[in-house]
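Quick look at entry_1.tsv (TSV, N, CA and C atoms):
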```
chain	number	residue	atom	x	y	z
A	1	MET	N	111.18	96.46	105.86
A	1	MET	CA	110.43	97.45	105.12
A	1	MET	C	110.01	98.53	106.09
A	2	GLY	N	110.04	99.75	105.64
A	2	GLY	CA	109.67	100.86	106.49
A	2	GLY	C	108.19	100.89	106.77
A	3	ILE	N	107.83	101.59	107.81
A	3	ILE	CA	106.44	101.64	108.23
A	3	ILE	C	105.56	102.31	107.16
A	4	LEU	N	106.11	103.29	106.46
A	4	LEU	CA	105.34	103.95	105.40
A	4	LEU	C	105.03	102.97	104.26
A	5	SER	N	105.98	102.12	103.94
A	5	SER	CA	105.75	101.10	102.90
A	5	SER	C	104.66	100.13	103.33
A	6	TRP	N	104.66	99.74	104.61
A	6	TRP	CA	103.63	98.81	105.08
A	6	TRP	C	102.25	99.48	105.08
A	7	ILE	N	102.21	100.78	105.33
A	7	ILE	CA	100.92	101.48	105.29
A	7	ILE	C	100.39	101.52	103.86
A	8	ILE	N	101.27	101.85	102.91
A	8	ILE	CA	100.86	101.87	101.50
A	8	ILE	C	100.45	100.47	101.06
A	9	LEU	N	101.24	99.49	101.45
A	9	LEU	CA	100.91	98.10	101.12
A	9	LEU	C	99.60	97.69	101.78
A	10	GLY	N	99.34	98.21	102.98
A	10	GLY	CA	98.09	97.92	103.67
A	10	GLY	C	96.88	98.48	102.95
A	11	LEU	N	97.03	99.64	102.34
A	11	LEU	CA	95.94	100.20	101.55
A	11	LEU	C	95.61	99.30	100.37
A	12	ILE	N	96.65	98.82	99.71
A	12	ILE	CA	96.46	97.90	98.58
A	12	ILE	C	95.86	96.58	99.07
A	13	ALA	N	96.42	96.06	100.17
A	13	ALA	CA	95.94	94.78	100.71
A	13	ALA	C	94.50	94.89	101.18
A	14	GLY	N	94.12	96.02	101.77
A	14	GLY	CA	92.74	96.21	102.21
A	14	GLY	C	91.77	96.20	101.05
A	15	ALA	N	92.16	96.86	99.96
A	15	ALA	CA	91.31	96.86	98.76
A	15	ALA	C	91.20	95.46	98.17
A	16	LEU	N	92.32	94.75	98.12
A	16	LEU	CA	92.29	93.37	97.60
A	16	LEU	C	91.48	92.45	98.49
A	17	ALA	N	91.61	92.61	99.81
A	17	ALA	CA	90.85	91.77	100.74
A	17	ALA	C	89.35	92.01	100.59
A	18	LYS	N	88.98	93.27	100.40
A	18	LYS	CA	87.55	93.59	100.20
A	18	LYS	C	87.05	93.03	98.88
A	19	TRP	N	87.92	93.01	97.88
A	19	TRP	CA	87.56	92.44	96.58
A	19	TRP	C	87.41	90.91	96.70
A	20	ILE	N	88.28	90.28	97.48
A	20	ILE	CA	88.23	88.82	97.68
A	20	ILE	C	87.02	88.44	98.53
A	21	MET	N	86.73	89.24	99.56
A	21	MET	CA	85.65	88.94	100.49
A	21	MET	C	84.62	90.07	100.49
A	22	PRO	N	83.83	90.20	99.42
A	22	PRO	CA	82.84	91.29	99.40
A	22	PRO	C	81.73	91.03	100.41
A	23	GLY	N	81.12	92.08	100.82
A	23	GLY	CA	80.01	91.95	101.75
A	23	GLY	C	79.84	93.23	102.54
A	24	PRO	N	78.73	93.31	103.25
A	24	PRO	CA	78.48	94.52	104.03
A	24	PRO	C	79.29	94.52	105.32
A	25	ASP	N	80.18	95.49	105.42
A	25	ASP	CA	80.97	95.66	106.64
A	25	ASP	C	80.67	97.03	107.21
A	26	GLY	N	80.53	97.10	108.51
A	26	GLY	CA	80.34	98.39	109.15
A	26	GLY	C	81.61	99.22	109.05
A	27	GLY	N	81.47	100.49	108.84
A	27	GLY	CA	82.64	101.36	108.79
A	27	GLY	C	83.04	101.76	107.39
A	28	GLY	N	82.63	101.01	106.40
A	28	GLY	CA	82.91	101.34	105.01
A	28	GLY	C	84.38	101.33	104.65
A	29	PHE	N	84.75	102.27	103.78
A	29	PHE	CA	86.10	102.32	103.23
A	29	PHE	C	87.16	102.58	104.31
A	30	ILE	N	86.85	103.43	105.27
A	30	ILE	CA	87.81	103.75	106.32
A	30	ILE	C	88.15	102.51	107.14
A	31	MET	N	87.15	101.76	107.55
A	31	MET	CA	87.39	100.56	108.35
A	31	MET	C	88.13	99.51	107.53
A	32	THR	N	87.78	99.37	106.26
A	32	THR	CA	88.48	98.42	105.39
A	32	THR	C	89.95	98.81	105.25
A	33	THR	N	90.22	100.10	105.15
A	33	THR	CA	91.59	100.58	105.04
A	33	THR	C	92.37	100.28	106.32
A	34	ILE	N	91.77	100.56	107.46
A	34	ILE	CA	92.43	100.29	108.74
A	34	ILE	C	92.69	98.80	108.90
A	35	LEU	N	91.70	97.98	108.56
A	35	LEU	CA	91.90	96.53	108.64
A	35	LEU	C	92.97	96.06	107.67
A	36	GLY	N	93.04	96.69	106.51
A	36	GLY	CA	94.08	96.35	105.55
A	36	GLY	C	95.46	96.67	106.06
A	37	VAL	N	95.63	97.81	106.71
A	37	VAL	CA	96.93	98.18	107.27
A	37	VAL	C	97.31	97.22	108.40
A	38	VAL	N	96.36	96.91	109.28
A	38	VAL	CA	96.63	95.95	110.35
A	38	VAL	C	96.97	94.58	109.76
A	39	GLY	N	96.21	94.18	108.74
A	39	GLY	CA	96.49	92.89	108.08
A	39	GLY	C	97.84	92.88	107.39
A	40	ALA	N	98.25	94.01	106.84
A	40	ALA	CA	99.57	94.10	106.21
A	40	ALA	C	100.67	93.91	107.23
A	41	PHE	N	100.51	94.52	108.40
A	41	PHE	CA	101.50	94.34	109.45
A	41	PHE	C	101.54	92.90	109.93
A	42	VAL	N	100.37	92.31	110.16
A	42	VAL	CA	100.30	90.92	110.62
A	42	VAL	C	100.85	89.97	109.56
A	43	GLY	N	100.38	90.13	108.32
A	43	GLY	CA	100.85	89.27	107.24
A	43	GLY	C	102.33	89.46	106.95
A	44	GLY	N	102.81	90.70	107.00
A	44	GLY	CA	104.23	90.96	106.78
A	44	GLY	C	105.10	90.37	107.86
A	45	TRP	N	104.65	90.48	109.10
A	45	TRP	CA	105.41	89.91	110.21
A	45	TRP	C	105.46	88.38	110.10
A	46	LEU	N	104.30	87.77	109.85
A	46	LEU	CA	104.26	86.31	109.70
A	46	LEU	C	105.06	85.85	108.49
A	47	GLY	N	104.96	86.58	107.38
A	47	GLY	CA	105.72	86.23	106.18
A	47	GLY	C	107.22	86.29	106.42
A	48	THR	N	107.66	87.28	107.18
A	48	THR	CA	109.08	87.39	107.50
A	48	THR	C	109.52	86.28	108.44
A	49	VAL	N	108.70	85.98	109.44
A	49	VAL	CA	109.02	84.91	110.39
A	49	VAL	C	109.08	83.55	109.69
A	50	LEU	N	108.14	83.31	108.77
A	50	LEU	CA	108.09	82.03	108.07
A	50	LEU	C	109.03	81.96	106.87
A	51	GLY	N	109.64	83.08	106.51
A	51	GLY	CA	110.58	83.10	105.39
A	51	GLY	C	109.93	83.22	104.04
A	52	ILE	N	108.65	83.59	103.98
A	52	ILE	CA	107.94	83.73	102.72
A	52	ILE	C	108.31	85.03	102.04
A	53	SER	N	108.38	86.11	102.81
A	53	SER	CA	108.79	87.39	102.26
A	53	SER	C	109.92	87.94	103.10
A	54	THR	N	110.74	88.77	102.50
A	54	THR	CA	111.91	89.29	103.20
A	54	THR	C	111.63	90.58	103.93
A	55	GLY	N	110.61	91.30	103.55
A	55	GLY	CA	110.31	92.57	104.16
A	55	GLY	C	111.24	93.67	103.67
A	56	ALA	N	111.96	93.42	102.57
A	56	ALA	CA	112.94	94.37	102.06
A	56	ALA	C	112.33	95.39	101.11
A	57	GLY	N	111.12	95.25	100.74
A	57	GLY	CA	110.49	96.18	99.82
A	57	GLY	C	109.16	95.64	99.34
A	58	ILE	N	108.48	96.44	98.56
A	58	ILE	CA	107.19	96.00	98.04
A	58	ILE	C	107.46	95.02	96.90
A	59	SER	N	106.98	93.80	97.09
A	59	SER	CA	107.19	92.75	96.11
A	59	SER	C	105.91	91.92	96.02
A	60	ILE	N	105.91	90.97	95.12
A	60	ILE	CA	104.74	90.08	94.98
A	60	ILE	C	104.52	89.29	96.26
A	61	GLY	N	105.60	88.80	96.85
A	61	GLY	CA	105.48	88.06	98.11
A	61	GLY	C	104.94	88.93	99.22
A	62	GLY	N	105.39	90.19	99.26
A	62	GLY	CA	104.90	91.12	100.27
A	62	GLY	C	103.43	91.44	100.09
A	63	ILE	N	103.02	91.64	98.84
A	63	ILE	CA	101.61	91.91	98.56
A	63	ILE	C	100.76	90.69	98.91
A	64	ALA	N	101.26	89.50	98.59
A	64	ALA	CA	100.51	88.28	98.88
A	64	ALA	C	100.36	88.06	100.38
A	65	THR	N	101.44	88.23	101.14
A	65	THR	CA	101.34	88.03	102.59
A	65	THR	C	100.51	89.12	103.25
A	66	ALA	N	100.62	90.35	102.78
A	66	ALA	CA	99.81	91.44	103.33
A	66	ALA	C	98.34	91.22	103.03
A	67	THR	N	98.02	90.77	101.83
A	67	THR	CA	96.63	90.51	101.46
A	67	THR	C	96.07	89.34	102.27
A	68	ALA	N	96.87	88.29	102.44
A	68	ALA	CA	96.43	87.16	103.26
A	68	ALA	C	96.17	87.60	104.69
A	69	GLY	N	97.05	88.43	105.23
A	69	GLY	CA	96.85	88.96	106.57
A	69	GLY	C	95.60	89.82	106.65
A	70	ALA	N	95.36	90.64	105.63
A	70	ALA	CA	94.17	91.49	105.61
A	70	ALA	C	92.89	90.67	105.52
A	71	VAL	N	92.92	89.59	104.75
A	71	VAL	CA	91.75	88.70	104.65
A	71	VAL	C	91.46	88.07	106.01
A	72	VAL	N	92.51	87.62	106.69
A	72	VAL	CA	92.33	87.01	108.01
A	72	VAL	C	91.79	88.03	109.01
A	73	VAL	N	92.35	89.23	109.01
A	73	VAL	CA	91.88	90.27	109.92
A	73	VAL	C	90.43	90.65	109.60
A	74	LEU	N	90.08	90.75	108.31
A	74	LEU	CA	88.71	91.06	107.92
A	74	LEU	C	87.75	89.95	108.34
A	75	LEU	N	88.17	88.71	108.22
A	75	LEU	CA	87.35	87.58	108.64
A	75	LEU	C	87.12	87.62	110.16
A	76	ILE	N	88.18	87.87	110.91
A	76	ILE	CA	88.06	87.97	112.37
A	76	ILE	C	87.15	89.14	112.75
A	77	TYR	N	87.31	90.26	112.06
A	77	TYR	CA	86.46	91.43	112.31
A	77	TYR	C	84.99	91.11	112.08
A	78	ARG	N	84.71	90.39	111.00
A	78	ARG	CA	83.31	90.03	110.71
A	78	ARG	C	82.74	89.09	111.76
A	79	MET	N	83.56	88.15	112.25
A	79	MET	CA	83.08	87.21	113.27
A	79	MET	C	82.84	87.93	114.60
A	80	VAL	N	83.71	88.87	114.94
A	80	VAL	CA	83.58	89.58	116.21
A	80	VAL	C	82.44	90.59	116.18
A	81	SER	N	82.24	91.25	115.04
A	81	SER	CA	81.23	92.30	114.96
A	81	SER	C	79.81	91.79	114.85
A	82	LYS	N	79.61	90.50	114.63
A	82	LYS	CA	78.24	89.96	114.53
A	82	LYS	C	77.67	89.62	115.85
```

Rewrite the coordinates I just gave you, this time as structure tokens.
Amino acid sequence: MGILSWIILGLIAGALAKWIMPGPDGGGFIMTTILGVVGAFVGGWLGTVLGISTGAGISIGGIATATAGAVVVLLIYRMVSK
């Protein structure tokens, strides 16, 4: 999947991760978006390595792995920032 697709998917994943894990985070929407994009890259890479998603386009598997990655990155961010 192209980098632009992962960025768009990261925006979606960041919003979904914030919906799954609500709470006060420093940085607001911008930080959530950045964490979502990072999580999309991490989740997409892991999904491709594990064979869960192919990385060939935006799909349900891609959204799921990107959202899972964004949730993990958001969780790590919350633990580090406290």

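Within the 6 Å cut-off around segment 61-69 of chain A, using only N, CA and C atoms and omitting residues fewer than 2 positions from it on the same chain, the listed residues are Ala13, Ala17, Val38, Gly39, Ala40, Phe41, Val42, Gly43, Gly44, Gly47, Ile52, Ser53, Ile58, Ser59, Val71, Val72, Val73 and Leu74 of chain A.
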
DSSP on the backbone: what in chain A comes out alpha helix (DSSP H), as a PyMOL selection string? chain A and resi 3-20+28-50+60-81

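Atom pair atom N of Met31 of chain A / atom N of Trp45 of chain A: separated by 20.9 Å.
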
Check the smallest atom-to-atom distance from each of A:Ile60, A:Ala15, A:Leu50, A:Val80 to Thr32 of chain A using only N, CA and C atoms, then report the winner. A:Ala15

Using atom CA of Ile76 of chain A and atom CA of Ile8 of chain A as the two end points, give the distance in Å to one decimal. 21.8 Å

Take every atom of segment 20-35 of chain A listed in the file, fit an axis-aligned box around them, add 6 Å per side, and give the centre and edge lengths in Å to one decimal as JSON.
```
{"center_x": 85.7, "center_y": 96.1, "center_z": 103.3, "size_x": 26.5, "size_y": 27.3, "size_z": 23.7}
```

Repair of segment 26-37 of chain A at the level of all heavy atoms, as a PDB file, in the coordinates of the input:
```
ATOM      1  N   GLY A  26      80.530  97.100 108.510  1.00  0.00           N
ATOM      2  CA  GLY A  26      80.340  98.390 109.150  1.00  0.00           C
ATOM      3  C   GLY A  26      81.610  99.220 109.050  1.00  0.00           C
ATOM      4  O   GLY A  26      82.708  98.691 109.139  1.00  0.00           O
ATOM      5  N   GLY A  27      81.470 100.490 108.840  1.00  0.00           N
ATOM      6  CA  GLY A  27      82.640 101.360 108.790  1.00  0.00           C
ATOM      7  C   GLY A  27      83.040 101.760 107.390  1.00  0.00           C
ATOM      8  O   GLY A  27      83.756 102.727 107.210  1.00  0.00           O
ATOM      9  N   GLY A  28      82.630 101.010 106.400  1.00  0.00           N
ATOM     10  CA  GLY A  28      82.910 101.340 105.010  1.00  0.00           C
ATOM     11  C   GLY A  28      84.380 101.330 104.650  1.00  0.00           C
ATOM     12  O   GLY A  28      85.165 100.511 105.145  1.00  0.00           O
ATOM     13  N   PHE A  29      84.750 102.270 103.780  1.00  0.00           N
ATOM     14  CA  PHE A  29      86.100 102.320 103.230  1.00  0.00           C
ATOM     15  C   PHE A  29      87.160 102.580 104.310  1.00  0.00           C
ATOM     16  O   PHE A  29      88.250 101.998 104.270  1.00  0.00           O
ATOM     17  CB  PHE A  29      86.178 103.391 102.147  1.00  0.00           C
ATOM     18  CG  PHE A  29      87.534 103.523 101.534  1.00  0.00           C
ATOM     19  CD1 PHE A  29      87.999 102.561 100.656  1.00  0.00           C
ATOM     20  CD2 PHE A  29      88.346 104.590 101.853  1.00  0.00           C
ATOM     21  CE1 PHE A  29      89.261 102.668 100.097  1.00  0.00           C
ATOM     22  CE2 PHE A  29      89.606 104.713 101.296  1.00  0.00           C
ATOM     23  CZ  PHE A  29      90.069 103.740 100.415  1.00  0.00           C
ATOM     24  N   ILE A  30      86.850 103.430 105.270  1.00  0.00           N
ATOM     25  CA  ILE A  30      87.810 103.750 106.320  1.00  0.00           C
ATOM     26  C   ILE A  30      88.150 102.510 107.140  1.00  0.00           C
ATOM     27  O   ILE A  30      89.323 102.224 107.394  1.00  0.00           O
ATOM     28  CB  ILE A  30      87.261 104.874 107.245  1.00  0.00           C
ATOM     29  CG1 ILE A  30      86.963 106.129 106.442  1.00  0.00           C
ATOM     30  CG2 ILE A  30      88.203 105.153 108.398  1.00  0.00           C
ATOM     31  CD1 ILE A  30      88.184 106.798 105.858  1.00  0.00           C
ATOM     32  N   MET A  31      87.150 101.760 107.550  1.00  0.00           N
ATOM     33  CA  MET A  31      87.390 100.560 108.350  1.00  0.00           C
ATOM     34  C   MET A  31      88.130  99.510 107.530  1.00  0.00           C
ATOM     35  O   MET A  31      89.031  98.846 108.041  1.00  0.00           O
ATOM     36  CB  MET A  31      86.067  99.985 108.873  1.00  0.00           C
ATOM     37  CG  MET A  31      86.269  98.794 109.789  1.00  0.00           C
ATOM     38  SD  MET A  31      87.326  99.109 111.218  1.00  0.00           S
ATOM     39  CE  MET A  31      86.260 100.078 112.219  1.00  0.00           C
ATOM     40  N   THR A  32      87.780  99.370 106.260  1.00  0.00           N
ATOM     41  CA  THR A  32      88.480  98.420 105.390  1.00  0.00           C
ATOM     42  C   THR A  32      89.950  98.810 105.250  1.00  0.00           C
ATOM     43  O   THR A  32      90.830  97.949 105.268  1.00  0.00           O
ATOM     44  CB  THR A  32      87.810  98.359 104.004  1.00  0.00           C
ATOM     45  OG1 THR A  32      86.456  97.964 104.168  1.00  0.00           O
ATOM     46  CG2 THR A  32      88.509  97.362 103.101  1.00  0.00           C
ATOM     47  N   THR A  33      90.220 100.100 105.150  1.00  0.00           N
ATOM     48  CA  THR A  33      91.590 100.580 105.040  1.00  0.00           C
ATOM     49  C   THR A  33      92.370 100.280 106.320  1.00  0.00           C
ATOM     50  O   THR A  33      93.506  99.795 106.274  1.00  0.00           O
ATOM     51  CB  THR A  33      91.612 102.089 104.751  1.00  0.00           C
ATOM     52  OG1 THR A  33      90.878 102.329 103.547  1.00  0.00           O
ATOM     53  CG2 THR A  33      93.020 102.604 104.592  1.00  0.00           C
ATOM     54  N   ILE A  34      91.770 100.560 107.460  1.00  0.00           N
ATOM     55  CA  ILE A  34      92.430 100.290 108.740  1.00  0.00           C
ATOM     56  C   ILE A  34      92.690  98.800 108.900  1.00  0.00           C
ATOM     57  O   ILE A  34      93.782  98.386 109.306  1.00  0.00           O
ATOM     58  CB  ILE A  34      91.583 100.837 109.903  1.00  0.00           C
ATOM     59  CG1 ILE A  34      91.573 102.363 109.866  1.00  0.00           C
ATOM     60  CG2 ILE A  34      92.113 100.338 111.240  1.00  0.00           C
ATOM     61  CD1 ILE A  34      90.590 102.999 110.807  1.00  0.00           C
ATOM     62  N   LEU A  35      91.700  97.980 108.560  1.00  0.00           N
ATOM     63  CA  LEU A  35      91.900  96.530 108.640  1.00  0.00           C
ATOM     64  C   LEU A  35      92.970  96.060 107.670  1.00  0.00           C
ATOM     65  O   LEU A  35      93.726  95.135 107.963  1.00  0.00           O
ATOM     66  CB  LEU A  35      90.576  95.803 108.362  1.00  0.00           C
ATOM     67  CG  LEU A  35      89.485  95.978 109.416  1.00  0.00           C
ATOM     68  CD1 LEU A  35      88.180  95.351 108.936  1.00  0.00           C
ATOM     69  CD2 LEU A  35      89.902  95.385 110.738  1.00  0.00           C
ATOM     70  N   GLY A  36      93.040  96.690 106.510  1.00  0.00           N
ATOM     71  CA  GLY A  36      94.080  96.350 105.550  1.00  0.00           C
ATOM     72  C   GLY A  36      95.460  96.670 106.060  1.00  0.00           C
ATOM     73  O   GLY A  36      96.404  95.881 105.886  1.00  0.00           O
ATOM     74  N   VAL A  37      95.630  97.810 106.710  1.00  0.00           N
ATOM     75  CA  VAL A  37      96.930  98.180 107.270  1.00  0.00           C
ATOM     76  C   VAL A  37      97.310  97.220 108.400  1.00  0.00           C
ATOM     77  O   VAL A  37      98.447  96.738 108.465  1.00  0.00           O
ATOM     78  CB  VAL A  37      96.914  99.645 107.749  1.00  0.00           C
ATOM     79  CG1 VAL A  37      98.179  99.983 108.509  1.00  0.00           C
ATOM     80  CG2 VAL A  37      96.751 100.586 106.570  1.00  0.00           C
TER      81      VAL A  37
END
```
